[in-house]
Each structure stands twice: as structure tokens, then as C-alpha cells.
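Structure data follow from model22.csv (CSV, N, CA and C atoms):
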chain,number,residue,atom,x,y,z
A,14,MET,N,-24.2,-10.5,46.8
A,14,MET,CA,-23.1,-11.1,46.1
A,14,MET,C,-22.1,-11.5,47.2
A,15,THR,N,-21.5,-12.6,47.1
A,15,THR,CA,-20.5,-13.1,48.1
A,15,THR,C,-19.2,-12.3,48.0
A,16,THR,N,-18.4,-12.6,48.9
A,16,THR,CA,-17.1,-12.0,48.9
A,16,THR,C,-16.3,-12.4,47.7
A,17,ASP,N,-16.4,-13.7,47.4
A,17,ASP,CA,-15.7,-14.2,46.2
A,17,ASP,C,-16.2,-13.6,44.9
A,18,GLY,N,-17.5,-13.3,44.9
A,18,GLY,CA,-18.1,-12.7,43.7
A,18,GLY,C,-17.6,-11.3,43.5
A,19,VAL,N,-17.4,-10.5,44.6
A,19,VAL,CA,-16.9,-9.2,44.6
A,19,VAL,C,-15.4,-9.2,44.1
A,20,ALA,N,-14.7,-10.1,44.7
A,20,ALA,CA,-13.3,-10.3,44.3
A,20,ALA,C,-13.1,-10.7,42.9
A,21,TYR,N,-14.0,-11.5,42.4
A,21,TYR,CA,-13.9,-12.0,41.0
A,21,TYR,C,-14.1,-10.8,40.1
A,22,TRP,N,-15.2,-10.0,40.3
A,22,TRP,CA,-15.5,-8.9,39.4
A,22,TRP,C,-14.4,-7.8,39.6
A,23,LYS,N,-13.9,-7.6,40.7
A,23,LYS,CA,-12.8,-6.7,40.9
A,23,LYS,C,-11.6,-7.1,40.0
A,24,ALA,N,-11.3,-8.4,40.0
A,24,ALA,CA,-10.1,-8.9,39.2
A,24,ALA,C,-10.5,-8.7,37.7
A,25,VAL,N,-11.7,-9.0,37.3
A,25,VAL,CA,-12.1,-8.9,35.9
A,25,VAL,C,-12.1,-7.4,35.4
A,26,LEU,N,-12.6,-6.6,36.3
A,26,LEU,CA,-12.6,-5.1,35.9
A,26,LEU,C,-11.2,-4.6,35.9
A,27,GLY,N,-10.3,-5.1,36.8
A,27,GLY,CA,-8.9,-4.6,36.8
A,27,GLY,C,-8.2,-5.0,35.5
A,28,LEU,N,-8.5,-6.3,35.0
A,28,LEU,CA,-7.9,-6.7,33.8
A,28,LEU,C,-8.4,-5.9,32.6
A,29,ILE,N,-9.7,-5.7,32.6
A,29,ILE,CA,-10.3,-4.8,31.5
A,29,ILE,C,-9.7,-3.4,31.5
A,30,ARG,N,-9.5,-2.9,32.7
A,30,ARG,CA,-8.9,-1.5,32.8
A,30,ARG,C,-7.5,-1.5,32.2
A,31,ASN,N,-6.7,-2.5,32.6
A,31,ASN,CA,-5.4,-2.6,32.1
A,31,ASN,C,-5.3,-2.8,30.6
A,32,VAL,N,-6.1,-3.6,30.1
A,32,VAL,CA,-6.1,-3.8,28.6
A,32,VAL,C,-6.5,-2.5,27.9
A,33,LEU,N,-7.5,-1.8,28.4
A,33,LEU,CA,-7.9,-0.5,27.8
A,33,LEU,C,-6.9,0.5,27.9
A,34,ILE,N,-6.1,0.5,29.0
A,34,ILE,CA,-5.0,1.5,29.1
A,34,ILE,C,-4.0,1.2,28.1
A,35,VAL,N,-3.6,0.0,27.9
A,35,VAL,CA,-2.6,-0.4,26.8
A,35,VAL,C,-3.2,0.0,25.5
A,36,TRP,N,-4.4,-0.3,25.2
A,36,TRP,CA,-5.1,0.0,23.9
A,36,TRP,C,-5.0,1.5,23.7
A,37,PHE,N,-5.3,2.3,24.7
A,37,PHE,CA,-5.3,3.8,24.6
A,37,PHE,C,-3.9,4.3,24.3
A,38,VAL,N,-3.0,3.9,25.1
A,38,VAL,CA,-1.6,4.4,24.9
A,38,VAL,C,-1.1,4.0,23.5
A,39,VAL,N,-1.3,2.8,23.1
A,39,VAL,CA,-0.8,2.4,21.7
A,39,VAL,C,-1.5,3.2,20.6
A,40,SER,N,-2.8,3.2,20.7
A,40,SER,CA,-3.6,3.8,19.6
A,40,SER,C,-3.5,5.3,19.6
A,41,TYR,N,-3.8,5.9,20.7
A,41,TYR,CA,-3.9,7.4,20.8
A,41,TYR,C,-2.5,8.0,21.1
A,42,GLY,N,-1.8,7.4,22.0
A,42,GLY,CA,-0.5,7.9,22.4
A,42,GLY,C,0.5,7.8,21.3
A,43,PHE,N,0.8,6.5,20.9
A,43,PHE,CA,1.9,6.3,19.9
A,43,PHE,C,1.4,6.6,18.5
A,44,GLY,N,0.2,6.4,18.2
A,44,GLY,CA,-0.3,6.7,16.8
A,44,GLY,C,-0.6,8.1,16.5
A,45,ILE,N,-0.9,8.9,17.6
A,45,ILE,CA,-1.3,10.3,17.3
A,45,ILE,C,-0.4,11.3,18.1
A,46,LEU,N,-0.4,11.2,19.4
A,46,LEU,CA,0.3,12.2,20.2
A,46,LEU,C,1.8,12.2,20.1
A,47,LEU,N,2.3,11.0,20.2
A,47,LEU,CA,3.8,10.8,20.1
A,47,LEU,C,4.3,10.5,18.7
A,48,ALA,N,3.5,10.6,17.7
A,48,ALA,CA,3.9,10.2,16.3
A,48,ALA,C,5.0,11.1,15.8
A,49,PRO,N,4.9,12.5,16.0
A,49,PRO,CA,6.0,13.3,15.6
A,49,PRO,C,7.4,13.0,16.2
A,50,LEU,N,7.4,12.6,17.5
A,50,LEU,CA,8.6,12.3,18.2
A,50,LEU,C,9.1,10.9,17.7
A,51,LEU,N,8.2,10.0,17.5
A,51,LEU,CA,8.5,8.6,17.1
A,51,LEU,C,9.0,8.6,15.6
A,52,ASN,N,8.6,9.6,14.9
A,52,ASN,CA,9.0,9.6,13.4
A,52,ASN,C,10.5,9.8,13.2
A,53,ASN,N,11.2,10.2,14.3
A,53,ASN,CA,12.6,10.3,14.2
A,53,ASN,C,13.3,8.9,14.1
A,54,ILE,N,12.6,7.9,14.5
A,54,ILE,CA,13.1,6.5,14.5
A,54,ILE,C,12.5,5.8,13.4
A,55,HIS,N,13.3,5.1,12.6
A,55,HIS,CA,12.8,4.3,11.5
A,55,HIS,C,12.8,2.8,11.7
A,56,LEU,N,11.7,2.2,11.2
A,56,LEU,CA,11.6,0.8,11.3
A,56,LEU,C,11.2,0.2,10.0
A,57,GLY,N,12.1,-0.5,9.4
A,57,GLY,CA,11.9,-1.1,8.0
A,57,GLY,C,11.8,0.0,7.0
A,58,GLY,N,12.5,1.1,7.2
A,58,GLY,CA,12.4,2.2,6.2
A,58,GLY,C,11.3,3.2,6.4
A,59,TYR,N,10.4,2.9,7.4
A,59,TYR,CA,9.3,3.8,7.6
A,59,TYR,C,9.4,4.5,9.0
A,60,PRO,N,8.9,5.7,9.1
A,60,PRO,CA,9.0,6.4,10.5
A,60,PRO,C,8.1,5.6,11.5
A,61,LEU,N,8.6,5.5,12.7
A,61,LEU,CA,8.0,4.6,13.7
A,61,LEU,C,6.6,5.1,14.0
A,62,GLY,N,6.4,6.4,14.1
A,62,GLY,CA,5.0,6.9,14.4
A,62,GLY,C,4.0,6.5,13.3
A,63,PHE,N,4.4,6.6,12.0
A,63,PHE,CA,3.6,6.1,10.9
A,63,PHE,C,3.4,4.6,11.0
A,64,TRP,N,4.4,3.8,11.4
A,64,TRP,CA,4.3,2.4,11.5
A,64,TRP,C,3.3,2.0,12.6
A,65,PHE,N,3.4,2.7,13.8
A,65,PHE,CA,2.4,2.4,14.9
A,65,PHE,C,1.0,2.8,14.5
A,66,ALA,N,0.8,3.9,13.8
A,66,ALA,CA,-0.5,4.3,13.4
A,66,ALA,C,-1.1,3.3,12.4
A,67,HIS,N,-0.3,2.6,11.6
A,67,HIS,CA,-0.9,1.8,10.5
A,67,HIS,C,-0.7,0.3,10.7
A,68,GLN,N,0.4,-0.1,11.3
A,68,GLN,CA,0.7,-1.6,11.5
A,68,GLN,C,0.9,-2.0,12.9
A,69,GLY,N,1.7,-1.2,13.7
A,69,GLY,CA,2.1,-1.6,15.0
A,69,GLY,C,0.9,-1.8,15.9
A,70,SER,N,-0.1,-0.8,15.8
A,70,SER,CA,-1.2,-0.9,16.7
A,70,SER,C,-2.0,-2.2,16.5
A,71,ILE,N,-2.1,-2.6,15.2
A,71,ILE,CA,-2.8,-3.9,14.9
A,71,ILE,C,-2.1,-5.1,15.6
A,72,TYR,N,-0.8,-5.1,15.5
A,72,TYR,CA,0.0,-6.2,16.2
A,72,TYR,C,-0.3,-6.2,17.7
A,73,VAL,N,-0.2,-5.0,18.3
A,73,VAL,CA,-0.4,-4.9,19.7
A,73,VAL,C,-1.8,-5.3,20.1
A,74,PHE,N,-2.8,-5.0,19.3
A,74,PHE,CA,-4.2,-5.4,19.6
A,74,PHE,C,-4.4,-6.9,19.5
A,75,VAL,N,-3.8,-7.5,18.5
A,75,VAL,CA,-3.9,-9.0,18.4
A,75,VAL,C,-3.2,-9.6,19.6
A,76,VAL,N,-2.1,-9.1,20.1
A,76,VAL,CA,-1.4,-9.6,21.3
A,76,VAL,C,-2.3,-9.4,22.5
A,77,LEU,N,-3.0,-8.3,22.6
A,77,LEU,CA,-3.9,-8.0,23.7
A,77,LEU,C,-5.0,-9.0,23.8
A,78,ILE,N,-5.5,-9.5,22.6
A,78,ILE,CA,-6.5,-10.5,22.6
A,78,ILE,C,-6.1,-11.7,23.3
A,79,PHE,N,-4.8,-12.2,22.9
A,79,PHE,CA,-4.3,-13.4,23.5
A,79,PHE,C,-4.0,-13.3,25.0
A,80,VAL,N,-3.4,-12.1,25.4
A,80,VAL,CA,-3.1,-11.9,26.8
A,80,VAL,C,-4.4,-11.8,27.6
A,81,TYR,N,-5.4,-11.1,27.1
A,81,TYR,CA,-6.7,-11.1,27.8
A,81,TYR,C,-7.3,-12.5,28.0
A,82,SER,N,-7.2,-13.3,26.9
A,82,SER,CA,-7.8,-14.6,27.0
A,82,SER,C,-7.1,-15.5,28.0
A,83,LYS,N,-5.8,-15.4,28.0
A,83,LYS,CA,-5.0,-16.2,29.0
A,83,LYS,C,-5.2,-15.8,30.4
A,84,VAL,N,-5.1,-14.5,30.7
A,84,VAL,CA,-5.3,-13.9,32.0
A,84,VAL,C,-6.7,-14.2,32.5
A,85,MET,N,-7.7,-14.0,31.6
A,85,MET,CA,-9.1,-14.2,32.0
A,85,MET,C,-9.3,-15.7,32.4
A,86,GLY,N,-8.7,-16.6,31.6
A,86,GLY,CA,-8.7,-18.0,32.0
A,86,GLY,C,-8.2,-18.3,33.4
A,87,LYS,N,-7.0,-17.6,33.7
A,87,LYS,CA,-6.4,-17.8,35.0
A,87,LYS,C,-7.3,-17.3,36.1
A,88,ILE,N,-8.0,-16.1,35.9
A,88,ILE,CA,-8.9,-15.5,36.8
A,88,ILE,C,-10.1,-16.5,37.0
A,89,ASP,N,-10.6,-17.0,36.0
A,89,ASP,CA,-11.7,-18.0,36.1
A,89,ASP,C,-11.4,-19.2,36.9
A,90,GLU,N,-10.2,-19.7,36.6
A,90,GLU,CA,-9.7,-20.9,37.4
A,90,GLU,C,-9.5,-20.6,38.9
A,91,LYS,N,-9.0,-19.4,39.1
A,91,LYS,CA,-8.7,-19.0,40.5
A,91,LYS,C,-10.0,-18.9,41.3
A,92,PHE,N,-11.1,-18.4,40.7
A,92,PHE,CA,-12.4,-18.3,41.4
A,92,PHE,C,-13.3,-19.5,41.1
A,93,ASP,N,-12.8,-20.5,40.4
A,93,ASP,CA,-13.5,-21.7,40.2
A,93,ASP,C,-14.8,-21.5,39.4
A,94,VAL,N,-14.7,-20.7,38.3
A,94,VAL,CA,-15.9,-20.4,37.5
A,94,VAL,C,-15.5,-20.8,36.0
A,95,HIS,N,-14.5,-21.6,35.9
A,95,HIS,CA,-14.0,-22.0,34.5
A,95,HIS,C,-14.8,-23.1,33.9
A,96,GLU,N,-14.7,-23.2,32.6
A,96,GLU,CA,-15.4,-24.3,31.9
A,96,GLU,C,-14.4,-25.5,31.8
A,97,ASN,N,-14.9,-26.7,31.9
A,97,ASN,CA,-14.0,-27.9,31.7
A,97,ASN,C,-13.8,-28.2,30.3
Structure re-expressed in C-alpha cells:
Amino acid sequence: MTTDGVAYWKAVLGLIRNVLIVWFVVSYGFGILLAPLLNNIHLGGYPLGFWFAHQGSIYVFVVLIFVYSKVMGKIDEKFDVHEN
């Protein structure tokens, strides 16, 4: 594998790692571990921990899809492996 190939996969795996970290923090951290602490804050009449476990995580996951797509496109363009 060429140096560019190694750098490309390093960038791709770094992006995947970062997306998975955000996913873990939002789903497990906010939805389970920090839920009792977040429940002291209310959003739309509901405790924030409950909201993250049921609604907020879904919104964050949808945003993650778009962020991943945009950043992956930039990585592909940078390493000239993009589609026209």
C-alpha cells in the first residue's frame, strides 16, 4: 500500500473513531449514565435524561449521518478517490 493509501485509511478510521465516540457518549453516557443528573434539567416539560434516551439521541444520530457523509466526501476529495 502506498503512503497515500495508508494516510487515506488513517483519516477514514479516525473519522469512524470520532463518530463512534460521539455515538457512545450520547447513547450510553447521556441516555444511561448521566440520565439521573440530566433529569434535573427539563426540556419541553420532560426531564433531559429521559429526552436524550428517547428523542435526543435519535436527532444526534441523524446529524452524525450527515456529518459523516460530508467529512467522508472531503477525505475522498483530498486523496482523489471521489466519484464525479
Give me the residues near range 18-35 of chain A as a VMD selection string, where near means some atom within 10 Å (using only C-alpha atoms) and where sequence neighbours in that chain fewer than 4 positions away do not count. chain A and resid 14 39 to 42 73 to 74 77 to 78 80 to 81 84 to 85 88 to 89 91 to 94
Please, what distance in Å, to one decimal, runs between atom N of Pro60 in chain A and atom N of Ala48 in chain A?
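Separating atom N of Pro60 in chain A from atom N of Ala48 in chain A is a distance of 11.3 Å.
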So how far away is atom N of Val76 in chain A from atom C of Glu96 in chain A, in Å?
->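 Atom-to-atom, atom C of Glu96 in chain A to atom N of Val76 in chain A, that is 23.6 Å.
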| chain A: residues DSSP assigns to strand (DSSP E), reported as a PyMOL selection string | chain A and resi 55-56+59-60
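CA of Leu46 in chain A sits 9.2 Å away from CA of Gly62 in chain A.
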Subject >> Among listed residues A:Asn97, A:Val38, A:Ser82, A:Leu51, nearest Trp64 in chain A (using only N, CA and C atoms) >> reply: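 Of all the options, A:Leu51 lies closest to Trp64 in chain A.
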